[in-house]
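This is upload22.txt. It holds compact mmCIF, N, CA and C atoms and all ligand atoms.
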# COMPACT_ATOMS: atom_id res chain seq x y z
N MET A 1 20.36 74.12 -54.02
CA MET A 1 19.28 74.84 -53.33
C MET A 1 19.80 76.20 -52.82
N THR A 2 19.03 77.27 -53.07
CA THR A 2 19.49 78.58 -52.58
C THR A 2 19.06 78.77 -51.12
N ALA A 3 19.92 79.45 -50.36
CA ALA A 3 19.64 79.69 -48.94
C ALA A 3 18.47 80.66 -48.81
N PRO A 4 17.55 80.41 -47.86
CA PRO A 4 16.44 81.35 -47.67
C PRO A 4 16.93 82.72 -47.20
N THR A 5 16.25 83.74 -47.68
CA THR A 5 16.59 85.12 -47.27
C THR A 5 15.78 85.54 -46.06
N VAL A 6 16.45 86.20 -45.13
CA VAL A 6 15.78 86.82 -43.98
C VAL A 6 15.98 88.32 -44.10
N PHE A 7 14.89 89.07 -43.98
CA PHE A 7 15.01 90.53 -43.95
C PHE A 7 15.36 90.96 -42.52
N VAL A 8 16.44 91.73 -42.38
CA VAL A 8 16.85 92.23 -41.06
C VAL A 8 16.73 93.76 -41.12
N LEU A 9 15.65 94.25 -40.53
CA LEU A 9 15.26 95.65 -40.72
C LEU A 9 15.40 96.45 -39.43
N SER A 10 15.97 97.64 -39.54
CA SER A 10 16.13 98.52 -38.38
C SER A 10 15.51 99.87 -38.69
N GLY A 11 14.82 100.42 -37.70
CA GLY A 11 14.09 101.66 -37.88
C GLY A 11 14.89 102.89 -37.49
N PRO A 12 14.16 103.96 -37.13
CA PRO A 12 14.76 105.29 -37.00
C PRO A 12 15.86 105.39 -35.95
N ASN A 13 16.86 106.15 -36.30
CA ASN A 13 17.99 106.51 -35.44
C ASN A 13 18.99 105.38 -35.23
N LEU A 14 18.69 104.20 -35.76
CA LEU A 14 19.61 103.08 -35.54
C LEU A 14 20.84 103.16 -36.45
N GLY A 15 20.77 104.03 -37.46
CA GLY A 15 21.95 104.29 -38.29
C GLY A 15 23.02 105.05 -37.52
N ARG A 16 22.66 105.56 -36.35
CA ARG A 16 23.58 106.35 -35.52
C ARG A 16 24.25 105.51 -34.43
N LEU A 17 24.03 104.21 -34.46
CA LEU A 17 24.65 103.36 -33.44
C LEU A 17 26.16 103.56 -33.44
N GLY A 18 26.74 103.45 -32.27
CA GLY A 18 28.18 103.66 -32.13
C GLY A 18 28.45 104.98 -31.44
N THR A 19 27.70 106.02 -31.89
CA THR A 19 27.85 107.33 -31.24
C THR A 19 26.57 107.73 -30.50
N ARG A 20 25.45 107.08 -30.79
CA ARG A 20 24.17 107.42 -30.15
C ARG A 20 24.11 106.79 -28.75
N GLU A 21 24.06 107.60 -27.72
CA GLU A 21 23.91 107.11 -26.34
C GLU A 21 24.63 105.77 -26.13
N PRO A 22 25.97 105.75 -26.25
CA PRO A 22 26.69 104.47 -26.16
C PRO A 22 26.50 103.78 -24.81
N GLU A 23 26.16 104.57 -23.76
CA GLU A 23 25.93 103.96 -22.45
C GLU A 23 24.65 103.11 -22.46
N VAL A 24 23.76 103.38 -23.43
CA VAL A 24 22.52 102.60 -23.55
C VAL A 24 22.66 101.54 -24.65
N TYR A 25 23.22 101.95 -25.80
CA TYR A 25 23.19 101.08 -26.98
C TYR A 25 24.52 100.42 -27.30
N GLY A 26 25.59 100.77 -26.52
CA GLY A 26 26.89 100.16 -26.77
C GLY A 26 27.67 100.89 -27.86
N SER A 27 28.85 100.38 -28.15
CA SER A 27 29.74 101.08 -29.08
C SER A 27 29.76 100.46 -30.48
N ASP A 28 29.04 99.35 -30.67
CA ASP A 28 28.96 98.76 -32.01
C ASP A 28 28.20 99.70 -32.95
N THR A 29 28.72 99.84 -34.17
CA THR A 29 28.00 100.62 -35.17
C THR A 29 26.98 99.70 -35.87
N LEU A 30 26.10 100.31 -36.67
CA LEU A 30 25.14 99.48 -37.41
C LEU A 30 25.89 98.58 -38.41
N ALA A 31 27.00 99.09 -38.95
CA ALA A 31 27.81 98.26 -39.87
C ALA A 31 28.34 97.03 -39.13
N ASP A 32 28.75 97.21 -37.86
CA ASP A 32 29.20 96.07 -37.05
C ASP A 32 28.05 95.07 -36.87
N VAL A 33 26.86 95.60 -36.56
CA VAL A 33 25.69 94.73 -36.36
C VAL A 33 25.42 93.96 -37.65
N HIS A 34 25.41 94.66 -38.77
CA HIS A 34 25.10 94.00 -40.04
C HIS A 34 26.16 92.96 -40.41
N ASP A 35 27.44 93.26 -40.14
CA ASP A 35 28.51 92.27 -40.42
C ASP A 35 28.28 91.00 -39.60
N ALA A 36 28.01 91.19 -38.29
CA ALA A 36 27.80 90.04 -37.40
C ALA A 36 26.56 89.25 -37.83
N VAL A 37 25.51 89.98 -38.22
CA VAL A 37 24.26 89.33 -38.66
C VAL A 37 24.52 88.50 -39.93
N ARG A 38 25.25 89.08 -40.88
CA ARG A 38 25.51 88.35 -42.14
C ARG A 38 26.32 87.09 -41.87
N ARG A 39 27.32 87.19 -40.97
CA ARG A 39 28.15 86.01 -40.64
C ARG A 39 27.31 84.93 -39.96
N GLU A 40 26.49 85.34 -38.98
CA GLU A 40 25.65 84.37 -38.26
C GLU A 40 24.63 83.73 -39.21
N ALA A 41 24.06 84.55 -40.09
CA ALA A 41 23.09 84.03 -41.05
C ALA A 41 23.73 82.97 -41.93
N GLU A 42 24.92 83.26 -42.41
CA GLU A 42 25.62 82.31 -43.28
C GLU A 42 25.86 81.00 -42.53
N HIS A 43 26.28 81.13 -41.27
CA HIS A 43 26.51 79.97 -40.41
C HIS A 43 25.24 79.13 -40.26
N LEU A 44 24.09 79.80 -40.26
CA LEU A 44 22.80 79.12 -40.07
C LEU A 44 22.17 78.68 -41.40
N GLY A 45 22.85 78.97 -42.50
CA GLY A 45 22.31 78.58 -43.80
C GLY A 45 21.29 79.55 -44.35
N LEU A 46 21.40 80.81 -43.94
CA LEU A 46 20.47 81.85 -44.39
C LEU A 46 21.25 82.96 -45.09
N VAL A 47 20.53 83.79 -45.82
CA VAL A 47 21.13 85.02 -46.37
C VAL A 47 20.40 86.19 -45.71
N ALA A 48 21.15 87.10 -45.09
CA ALA A 48 20.53 88.25 -44.43
C ALA A 48 20.53 89.46 -45.35
N ASP A 49 19.35 90.02 -45.56
CA ASP A 49 19.21 91.27 -46.32
C ASP A 49 19.01 92.38 -45.28
N CYS A 50 20.09 93.11 -44.98
CA CYS A 50 20.09 94.07 -43.86
C CYS A 50 19.83 95.49 -44.35
N ARG A 51 18.87 96.15 -43.73
CA ARG A 51 18.50 97.51 -44.14
C ARG A 51 18.14 98.36 -42.92
N GLN A 52 18.32 99.68 -43.07
CA GLN A 52 17.90 100.63 -42.01
C GLN A 52 17.24 101.81 -42.66
N THR A 53 16.18 102.31 -42.04
CA THR A 53 15.53 103.52 -42.53
C THR A 53 15.04 104.38 -41.38
N ASN A 54 14.98 105.68 -41.64
CA ASN A 54 14.38 106.60 -40.66
C ASN A 54 12.92 106.88 -41.00
N HIS A 55 12.40 106.22 -42.06
CA HIS A 55 11.09 106.58 -42.60
C HIS A 55 10.08 105.45 -42.44
N GLU A 56 8.96 105.79 -41.82
CA GLU A 56 7.92 104.80 -41.51
C GLU A 56 7.40 104.11 -42.77
N GLY A 57 7.12 104.92 -43.81
CA GLY A 57 6.55 104.34 -45.04
C GLY A 57 7.52 103.39 -45.71
N GLU A 58 8.80 103.74 -45.68
CA GLU A 58 9.81 102.86 -46.30
C GLU A 58 9.88 101.53 -45.54
N LEU A 59 9.82 101.61 -44.22
CA LEU A 59 9.84 100.38 -43.42
C LEU A 59 8.63 99.51 -43.75
N ILE A 60 7.48 100.14 -43.90
CA ILE A 60 6.26 99.40 -44.24
C ILE A 60 6.39 98.76 -45.63
N ASP A 61 6.95 99.51 -46.58
CA ASP A 61 7.17 98.94 -47.93
C ASP A 61 8.07 97.71 -47.85
N TRP A 62 9.10 97.76 -47.01
CA TRP A 62 10.02 96.62 -46.89
C TRP A 62 9.33 95.42 -46.24
N LEU A 63 8.42 95.68 -45.30
CA LEU A 63 7.68 94.57 -44.68
C LEU A 63 6.78 93.91 -45.72
N HIS A 64 6.15 94.73 -46.58
CA HIS A 64 5.34 94.16 -47.68
C HIS A 64 6.23 93.35 -48.63
N GLU A 65 7.42 93.89 -48.90
CA GLU A 65 8.37 93.21 -49.80
C GLU A 65 8.75 91.84 -49.21
N ALA A 66 8.93 91.79 -47.89
CA ALA A 66 9.27 90.51 -47.24
C ALA A 66 8.14 89.51 -47.46
N VAL A 67 6.89 89.97 -47.31
CA VAL A 67 5.74 89.08 -47.54
C VAL A 67 5.77 88.56 -48.98
N ASP A 68 5.97 89.46 -49.93
CA ASP A 68 5.96 89.06 -51.35
C ASP A 68 7.11 88.12 -51.68
N ALA A 69 8.22 88.27 -50.94
CA ALA A 69 9.39 87.41 -51.17
C ALA A 69 9.31 86.12 -50.36
N GLY A 70 8.30 86.01 -49.50
CA GLY A 70 8.18 84.82 -48.65
C GLY A 70 9.32 84.73 -47.64
N ALA A 71 9.79 85.89 -47.16
CA ALA A 71 10.94 85.92 -46.26
C ALA A 71 10.50 86.17 -44.81
N ASP A 72 11.20 85.53 -43.88
CA ASP A 72 11.02 85.85 -42.47
C ASP A 72 11.71 87.19 -42.18
N VAL A 73 11.38 87.78 -41.02
CA VAL A 73 11.85 89.13 -40.71
C VAL A 73 12.39 89.20 -39.28
N VAL A 74 13.54 89.84 -39.14
CA VAL A 74 14.03 90.30 -37.84
C VAL A 74 13.88 91.81 -37.87
N LEU A 75 13.14 92.37 -36.92
CA LEU A 75 12.82 93.79 -36.97
C LEU A 75 13.14 94.50 -35.67
N ASN A 76 13.99 95.53 -35.75
CA ASN A 76 14.12 96.48 -34.64
C ASN A 76 13.39 97.74 -35.08
N PRO A 77 12.17 97.95 -34.61
CA PRO A 77 11.38 99.09 -35.09
C PRO A 77 11.81 100.42 -34.47
N GLY A 78 12.82 100.44 -33.59
CA GLY A 78 13.20 101.69 -32.92
C GLY A 78 11.99 102.27 -32.20
N ALA A 79 11.87 103.59 -32.20
CA ALA A 79 10.77 104.22 -31.48
C ALA A 79 9.40 103.92 -32.09
N PHE A 80 9.34 103.49 -33.36
CA PHE A 80 8.04 103.09 -33.95
C PHE A 80 7.39 102.00 -33.11
N THR A 81 8.22 101.21 -32.43
CA THR A 81 7.73 100.14 -31.54
C THR A 81 6.59 100.61 -30.66
N HIS A 82 6.74 101.84 -30.17
CA HIS A 82 5.89 102.28 -29.06
C HIS A 82 4.60 102.95 -29.50
N TYR A 83 4.51 103.32 -30.80
CA TYR A 83 3.29 104.07 -31.19
C TYR A 83 2.82 103.86 -32.61
N SER A 84 3.58 103.16 -33.46
CA SER A 84 3.17 103.12 -34.87
C SER A 84 2.23 101.95 -35.17
N TYR A 85 0.94 102.27 -35.24
CA TYR A 85 -0.03 101.24 -35.60
C TYR A 85 0.14 100.82 -37.06
N ALA A 86 0.69 101.73 -37.87
CA ALA A 86 0.91 101.38 -39.28
C ALA A 86 2.00 100.31 -39.41
N VAL A 87 3.08 100.46 -38.63
CA VAL A 87 4.13 99.43 -38.64
C VAL A 87 3.58 98.14 -38.04
N ARG A 88 2.81 98.26 -36.96
CA ARG A 88 2.20 97.07 -36.35
C ARG A 88 1.34 96.33 -37.38
N ASP A 89 0.50 97.06 -38.13
CA ASP A 89 -0.38 96.41 -39.10
C ASP A 89 0.43 95.73 -40.20
N ALA A 90 1.54 96.35 -40.60
CA ALA A 90 2.40 95.72 -41.63
C ALA A 90 3.05 94.45 -41.06
N CYS A 91 3.41 94.49 -39.78
CA CYS A 91 3.97 93.28 -39.14
C CYS A 91 2.92 92.18 -39.09
N ALA A 92 1.68 92.56 -38.84
CA ALA A 92 0.59 91.58 -38.81
C ALA A 92 0.39 90.94 -40.19
N ILE A 93 0.61 91.71 -41.25
CA ILE A 93 0.52 91.14 -42.60
C ILE A 93 1.60 90.07 -42.77
N VAL A 94 2.79 90.32 -42.21
CA VAL A 94 3.87 89.32 -42.29
C VAL A 94 3.45 88.04 -41.57
N THR A 95 3.03 88.18 -40.32
CA THR A 95 2.80 86.97 -39.52
C THR A 95 1.52 86.24 -39.92
N THR A 96 0.50 86.98 -40.38
CA THR A 96 -0.71 86.27 -40.82
C THR A 96 -0.52 85.63 -42.19
N SER A 97 0.57 86.02 -42.89
CA SER A 97 0.85 85.35 -44.17
C SER A 97 1.63 84.05 -43.94
N GLY A 98 1.90 83.76 -42.66
CA GLY A 98 2.58 82.50 -42.36
C GLY A 98 4.08 82.64 -42.19
N ARG A 99 4.61 83.86 -42.31
CA ARG A 99 6.04 84.07 -42.08
C ARG A 99 6.26 84.43 -40.61
N SER A 100 7.51 84.27 -40.16
CA SER A 100 7.85 84.63 -38.79
C SER A 100 8.44 86.03 -38.75
N LEU A 101 8.17 86.74 -37.66
CA LEU A 101 8.75 88.07 -37.45
C LEU A 101 9.20 88.15 -36.00
N VAL A 102 10.51 88.35 -35.80
CA VAL A 102 11.04 88.49 -34.44
C VAL A 102 11.36 89.95 -34.19
N GLU A 103 10.74 90.52 -33.16
CA GLU A 103 11.01 91.90 -32.75
C GLU A 103 12.28 91.90 -31.89
N VAL A 104 13.23 92.77 -32.21
CA VAL A 104 14.46 92.83 -31.42
C VAL A 104 14.72 94.25 -30.94
N HIS A 105 15.39 94.31 -29.79
CA HIS A 105 15.88 95.58 -29.26
C HIS A 105 17.26 95.37 -28.67
N LEU A 106 18.13 96.35 -28.88
CA LEU A 106 19.47 96.30 -28.28
C LEU A 106 19.36 96.47 -26.77
N SER A 107 18.60 97.48 -26.35
CA SER A 107 18.39 97.73 -24.93
C SER A 107 17.20 96.91 -24.45
N ASN A 108 16.90 97.01 -23.16
CA ASN A 108 15.70 96.37 -22.62
C ASN A 108 14.67 97.46 -22.34
N PRO A 109 13.75 97.70 -23.28
CA PRO A 109 12.81 98.80 -23.12
C PRO A 109 11.99 98.71 -21.83
N ALA A 110 11.76 97.51 -21.32
CA ALA A 110 10.96 97.36 -20.10
C ALA A 110 11.67 97.92 -18.88
N ALA A 111 12.99 98.10 -18.98
CA ALA A 111 13.77 98.61 -17.84
C ALA A 111 14.06 100.10 -18.02
N ARG A 112 13.41 100.74 -19.00
CA ARG A 112 13.71 102.14 -19.30
C ARG A 112 12.47 103.01 -19.03
N GLU A 113 12.38 104.17 -19.71
CA GLU A 113 11.28 105.09 -19.45
C GLU A 113 9.93 104.40 -19.71
N GLU A 114 8.92 104.90 -18.99
CA GLU A 114 7.56 104.35 -19.06
C GLU A 114 7.05 104.21 -20.51
N PHE A 115 7.32 105.25 -21.36
CA PHE A 115 6.74 105.20 -22.72
C PHE A 115 7.31 104.05 -23.53
N ARG A 116 8.47 103.52 -23.11
CA ARG A 116 9.06 102.39 -23.85
C ARG A 116 8.51 101.04 -23.39
N HIS A 117 7.67 101.05 -22.36
CA HIS A 117 7.17 99.77 -21.83
C HIS A 117 6.11 99.16 -22.72
N THR A 118 5.50 100.00 -23.57
CA THR A 118 4.48 99.49 -24.50
C THR A 118 5.12 99.19 -25.85
N SER A 119 4.88 97.99 -26.35
CA SER A 119 5.20 97.69 -27.76
C SER A 119 3.90 97.38 -28.46
N VAL A 120 3.57 98.17 -29.48
CA VAL A 120 2.36 97.87 -30.26
C VAL A 120 2.65 96.78 -31.28
N VAL A 121 3.93 96.45 -31.46
CA VAL A 121 4.34 95.40 -32.42
C VAL A 121 4.30 94.02 -31.77
N ALA A 122 4.71 93.94 -30.49
CA ALA A 122 4.87 92.63 -29.83
C ALA A 122 3.64 91.71 -29.96
N PRO A 123 2.41 92.23 -29.84
CA PRO A 123 1.26 91.32 -29.91
C PRO A 123 1.08 90.63 -31.27
N VAL A 124 1.68 91.20 -32.33
CA VAL A 124 1.53 90.58 -33.65
C VAL A 124 2.84 89.94 -34.13
N ALA A 125 3.88 90.01 -33.28
CA ALA A 125 5.16 89.38 -33.63
C ALA A 125 5.12 87.90 -33.26
N THR A 126 6.01 87.14 -33.87
CA THR A 126 6.14 85.73 -33.49
C THR A 126 6.84 85.64 -32.14
N GLY A 127 7.81 86.50 -31.90
CA GLY A 127 8.53 86.50 -30.63
C GLY A 127 9.34 87.77 -30.49
N TYR A 128 10.07 87.84 -29.37
CA TYR A 128 10.66 89.11 -28.94
C TYR A 128 11.99 88.83 -28.24
N VAL A 129 13.06 89.54 -28.64
CA VAL A 129 14.36 89.44 -27.96
C VAL A 129 14.84 90.85 -27.65
N ALA A 130 15.16 91.12 -26.40
CA ALA A 130 15.57 92.48 -26.02
C ALA A 130 16.61 92.44 -24.92
N GLY A 131 17.52 93.42 -24.97
CA GLY A 131 18.41 93.64 -23.84
C GLY A 131 19.81 93.08 -23.99
N PHE A 132 20.12 92.48 -25.14
CA PHE A 132 21.41 91.81 -25.29
C PHE A 132 22.32 92.49 -26.31
N GLY A 133 22.08 93.77 -26.58
CA GLY A 133 22.92 94.48 -27.55
C GLY A 133 22.85 93.79 -28.91
N LEU A 134 23.99 93.79 -29.58
CA LEU A 134 24.08 93.16 -30.91
C LEU A 134 23.62 91.70 -30.89
N GLN A 135 23.84 91.03 -29.76
CA GLN A 135 23.45 89.62 -29.63
C GLN A 135 21.93 89.43 -29.80
N SER A 136 21.14 90.46 -29.50
CA SER A 136 19.68 90.32 -29.68
C SER A 136 19.36 89.94 -31.12
N TYR A 137 20.08 90.57 -32.07
CA TYR A 137 19.83 90.27 -33.48
C TYR A 137 20.23 88.83 -33.80
N LEU A 138 21.36 88.37 -33.21
CA LEU A 138 21.85 87.03 -33.53
C LEU A 138 20.95 85.97 -32.92
N LEU A 139 20.46 86.24 -31.71
CA LEU A 139 19.52 85.31 -31.06
C LEU A 139 18.24 85.21 -31.87
N ALA A 140 17.80 86.32 -32.43
CA ALA A 140 16.58 86.32 -33.26
C ALA A 140 16.77 85.45 -34.49
N LEU A 141 17.95 85.54 -35.11
CA LEU A 141 18.21 84.69 -36.28
C LEU A 141 18.16 83.22 -35.90
N ARG A 142 18.77 82.91 -34.74
CA ARG A 142 18.77 81.50 -34.29
C ARG A 142 17.35 81.04 -34.03
N ALA A 143 16.53 81.91 -33.46
CA ALA A 143 15.14 81.55 -33.18
C ALA A 143 14.39 81.20 -34.47
N LEU A 144 14.75 81.87 -35.56
CA LEU A 144 14.05 81.62 -36.83
C LEU A 144 14.33 80.24 -37.39
N VAL A 145 15.52 79.71 -37.07
CA VAL A 145 15.82 78.37 -37.62
C VAL A 145 15.47 77.32 -36.57
C1 LIG A 201 15.41 100.40 -29.35
C2 LIG A 201 14.57 100.81 -28.13
C3 LIG A 201 13.59 101.91 -28.50
O1 LIG A 201 12.86 102.31 -27.34
C4 LIG A 201 14.33 103.13 -29.03
O2 LIG A 201 13.42 104.11 -29.46
C5 LIG A 201 15.28 102.79 -30.12
C6 LIG A 201 16.10 101.59 -29.98
C7 LIG A 201 16.49 99.37 -28.97
O3 LIG A 201 17.02 98.72 -29.88
O4 LIG A 201 16.83 99.22 -27.79
O5 LIG A 201 15.47 103.53 -31.09
O6 LIG A 201 14.55 99.81 -30.31

Structure translated into structure tokens:
Amino acid sequence: MTAPTVFVLSGPNLGRLGTREPEVYGSDTLADVHDAVRREAEHLGLVADCRQTNHEGELIDWLHEAVDAGADVVLNPGAFTHYSYAVRDACAIVTTSGRSLVEVHLSNPAAREEFRHTSVVAPVATGYVAGFGLQSYLLALRALV
């Protein structure tokens, strides 16, 4: 039996982890996050397909691809979280198709600037993990199993 694939998707500016506001996001790079995610996924009997994009349309295409592949999704939408109805609608396609989608954040947006307090994705996500740095991604994977 082949291990189920989980799409682990990160949005804009997350490719800059490690040097981007380390006091907020920590010193782990995205490569560190992806390595830890792949190891944890393997431990849980999953295969993680890890990707990052700065482009809204590409992220939406990947969410559609997850639906077509029948894959669950761990998603850090970055700033799209706060205003992208297009990303939200694509997330709704995932969850209404019967797949799970966990929204993750390295920081805790609720403890930051006012504009970060709104997530347009959260109402259509299966669940939400925020504030634990790289561990947020690993907790999301555990939640899926
Ligand atoms: C973030 C939080 C967002 O508000 C921000 O725009 C990001 C990263 C996080 O992981 O903490 O790019 O999603």

10 Å from ligand LIG 201 (chain A) is the threshold here; counting only C-alpha atoms and all ligand atoms, which polymer residues fall inside it? Answer as a tab-separated table (two decimals) with N, CA and C atoms, in the coordinates of the input.
chain	number	residue	atom	x	y	z
A	10	SER	N	15.97	97.64	-39.54
A	10	SER	CA	16.13	98.52	-38.38
A	10	SER	C	15.51	99.87	-38.69
A	11	GLY	N	14.82	100.42	-37.70
A	11	GLY	CA	14.09	101.66	-37.88
A	11	GLY	C	14.89	102.89	-37.49
A	12	PRO	N	14.16	103.96	-37.13
A	12	PRO	CA	14.76	105.29	-37.00
A	12	PRO	C	15.86	105.39	-35.95
A	13	ASN	N	16.86	106.15	-36.30
A	13	ASN	CA	17.99	106.51	-35.44
A	13	ASN	C	18.99	105.38	-35.23
A	14	LEU	N	18.69	104.20	-35.76
A	14	LEU	CA	19.61	103.08	-35.54
A	14	LEU	C	20.84	103.16	-36.45
A	15	GLY	N	20.77	104.03	-37.46
A	15	GLY	CA	21.95	104.29	-38.29
A	15	GLY	C	23.02	105.05	-37.52
A	16	ARG	N	22.66	105.56	-36.35
A	16	ARG	CA	23.58	106.35	-35.52
A	16	ARG	C	24.25	105.51	-34.43
A	17	LEU	N	24.03	104.21	-34.46
A	17	LEU	CA	24.65	103.36	-33.44
A	17	LEU	C	26.16	103.56	-33.44
A	20	ARG	N	25.45	107.08	-30.79
A	20	ARG	CA	24.17	107.42	-30.15
A	20	ARG	C	24.11	106.79	-28.75
A	24	VAL	N	23.76	103.38	-23.43
A	24	VAL	CA	22.52	102.60	-23.55
A	24	VAL	C	22.66	101.54	-24.65
A	25	TYR	N	23.22	101.95	-25.80
A	25	TYR	CA	23.19	101.08	-26.98
A	25	TYR	C	24.52	100.42	-27.30
A	75	LEU	N	13.14	92.37	-36.92
A	75	LEU	CA	12.82	93.79	-36.97
A	75	LEU	C	13.14	94.50	-35.67
A	76	ASN	N	13.99	95.53	-35.75
A	76	ASN	CA	14.12	96.48	-34.64
A	76	ASN	C	13.39	97.74	-35.08
A	77	PRO	N	12.17	97.95	-34.61
A	77	PRO	CA	11.38	99.09	-35.09
A	77	PRO	C	11.81	100.42	-34.47
A	78	GLY	N	12.82	100.44	-33.59
A	78	GLY	CA	13.20	101.69	-32.92
A	78	GLY	C	11.99	102.27	-32.20
A	79	ALA	N	11.87	103.59	-32.20
A	79	ALA	CA	10.77	104.22	-31.48
A	79	ALA	C	9.40	103.92	-32.09
A	80	PHE	N	9.34	103.49	-33.36
A	80	PHE	CA	8.04	103.09	-33.95
A	80	PHE	C	7.39	102.00	-33.11
A	81	THR	N	8.22	101.21	-32.43
A	81	THR	CA	7.73	100.14	-31.54
A	81	THR	C	6.59	100.61	-30.66
A	82	HIS	N	6.74	101.84	-30.17
A	82	HIS	CA	5.89	102.28	-29.06
A	82	HIS	C	4.60	102.95	-29.50
A	103	GLU	N	10.74	90.52	-33.16
A	103	GLU	CA	11.01	91.90	-32.75
A	103	GLU	C	12.28	91.90	-31.89
A	104	VAL	N	13.23	92.77	-32.21
A	104	VAL	CA	14.46	92.83	-31.42
A	104	VAL	C	14.72	94.25	-30.94
A	105	HIS	N	15.39	94.31	-29.79
A	105	HIS	CA	15.88	95.58	-29.26
A	105	HIS	C	17.26	95.37	-28.67
A	106	LEU	N	18.13	96.35	-28.88
A	106	LEU	CA	19.47	96.30	-28.28
A	106	LEU	C	19.36	96.47	-26.77
A	107	SER	N	18.60	97.48	-26.35
A	107	SER	CA	18.39	97.73	-24.93
A	107	SER	C	17.20	96.91	-24.45
A	108	ASN	N	16.90	97.01	-23.16
A	108	ASN	CA	15.70	96.37	-22.62
A	108	ASN	C	14.67	97.46	-22.34
A	109	PRO	N	13.75	97.70	-23.28
A	109	PRO	CA	12.81	98.80	-23.12
A	109	PRO	C	11.99	98.71	-21.83
A	110	ALA	N	11.76	97.51	-21.32
A	110	ALA	CA	10.96	97.36	-20.10
A	110	ALA	C	11.67	97.92	-18.88
A	112	ARG	N	13.41	100.74	-19.00
A	112	ARG	CA	13.71	102.14	-19.30
A	112	ARG	C	12.47	103.01	-19.03
A	113	GLU	N	12.38	104.17	-19.71
A	113	GLU	CA	11.28	105.09	-19.45
A	113	GLU	C	9.93	104.40	-19.71
A	115	PHE	N	7.32	105.25	-21.36
A	115	PHE	CA	6.74	105.20	-22.72
A	115	PHE	C	7.31	104.05	-23.53
A	116	ARG	N	8.47	103.52	-23.11
A	116	ARG	CA	9.06	102.39	-23.85
A	116	ARG	C	8.51	101.04	-23.39
A	117	HIS	N	7.67	101.05	-22.36
A	117	HIS	CA	7.17	99.77	-21.83
A	117	HIS	C	6.11	99.16	-22.72
A	118	THR	N	5.50	100.00	-23.57
A	118	THR	CA	4.48	99.49	-24.50
A	118	THR	C	5.12	99.19	-25.85
A	119	SER	N	4.88	97.99	-26.35
A	119	SER	CA	5.20	97.69	-27.76
A	119	SER	C	3.90	97.38	-28.46
A	129	VAL	N	13.06	89.54	-28.64
A	129	VAL	CA	14.36	89.44	-27.96
A	129	VAL	C	14.84	90.85	-27.65
A	130	ALA	N	15.16	91.12	-26.40
A	130	ALA	CA	15.57	92.48	-26.02
A	130	ALA	C	16.61	92.44	-24.92
A	131	GLY	N	17.52	93.42	-24.97
A	131	GLY	CA	18.41	93.64	-23.84
A	131	GLY	C	19.81	93.08	-23.99
A	132	PHE	N	20.12	92.48	-25.14
A	132	PHE	CA	21.41	91.81	-25.29
A	132	PHE	C	22.32	92.49	-26.31
A	133	GLY	N	22.08	93.77	-26.58
A	133	GLY	CA	22.92	94.48	-27.55
A	133	GLY	C	22.85	93.79	-28.91
A	134	LEU	N	23.99	93.79	-29.58
A	134	LEU	CA	24.08	93.16	-30.91
A	134	LEU	C	23.62	91.70	-30.89
A	136	SER	N	21.14	90.46	-29.50
A	136	SER	CA	19.68	90.32	-29.68
A	136	SER	C	19.36	89.94	-31.12
A	137	TYR	N	20.08	90.57	-32.07
A	137	TYR	CA	19.83	90.27	-33.48
A	137	TYR	C	20.23	88.83	-33.80

From the options A:Gly98, A:Gly57, A:Gly70, A:Pro22, which residue's atoms come nearest to Tyr85 in chain A, counting only C-alpha atoms?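 For Tyr85 in chain A, the nearest of the given residues is A:Gly57.
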
Mind pulling up the distance from CA of Ala31 in chain A to CA of Val120 in chain A?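 Rounded to one decimal, the two atoms are 27.2 Å apart.
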
Distance criterion (only N, CA and C atoms): nearest to Ala48 in chain A out of A:Ala69, A:Ala140, A:Val6, A:Leu63: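 Closest to Ala48 in chain A, using only N, CA and C atoms: A:Val6.
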
How far is it from atom N of Arg39 in chain A to atom N of Arg142 in chain A, in Å with one decimal? 11.4 Å

From the DSSP assignment of the backbone, select every residue of chain A that is strand (DSSP E or B), and format the answer as a list in words.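 Put together, the selection reads Thr5, Val6, Phe7, Val8, Leu9, Ser10, Val47, Ala48, Asp49, Cys50, Arg51, Gln52, Asp72, Val73, Val74, Leu75, Asn76, Leu101, Val102, Glu103, Val104, His105, Gly127, Tyr128, Val129 and Ala130 of chain A.
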
In Å, with one decimal, what is the gap from atom C of Asp35 in chain A to atom C of Thr2 in chain A?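 Separation of atom C of Asp35 in chain A and atom C of Thr2 in chain A: 19.2 Å.
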
Need the neighbours of (22.0, 83.6, -39.0): which residues are at most 9 Å away, counting only C-alpha atoms, as an MDAnalysis selection string? chainID A and resid 6 36:48 137:142 144:145

Which residue of A:Ser97, A:Leu9, A:Tyr83, A:Thr19 approaches Asp61 in chain A most closely, using only C-alpha atoms: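 Among the listed residues, the smallest separation from Asp61 in chain A belongs to A:Leu9.
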
Which centre and which edge lengths, in Å to one decimal, describe the axis-aligned box that holds all listed atoms of range 111-126 of chain A after 6 Å is added on each side, as AutoDock Vina command-line options?
--center_x 7.6 --center_y 95.4 --center_z -26.0 --size_x 25.0 --size_y 31.6 --size_z 28.3

Between A:Gln135, A:Ser27, A:Thr126, A:Ser100, which one has atoms that come closest to Phe7 in chain A, using only C-alpha atoms? A:Ser100

Between A:Glu65, A:Glu114, A:Asp72, A:Asp28, which has the minimum distance to Arg99 in chain A (counting only N, CA and C atoms)?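 Using only N, CA and C atoms, Arg99 in chain A sits closest to A:Asp72.
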
Would you mind telling me which residue in A:Leu30, A:Val8, A:Ala143, A:Val124 lies nearest to Asp89 in chain A when using only N, CA and C atoms?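 Smallest separation from Asp89 in chain A among the options: A:Val124.
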
How would you write, as a PyMOL selection string, the set of residues in chain A that DSSP gives as helix (DSSP H, G or I)? chain A and resi 14-16+22-25+30-43+56-69+78-82+85-96+109-111+114-117+122-124+134-144
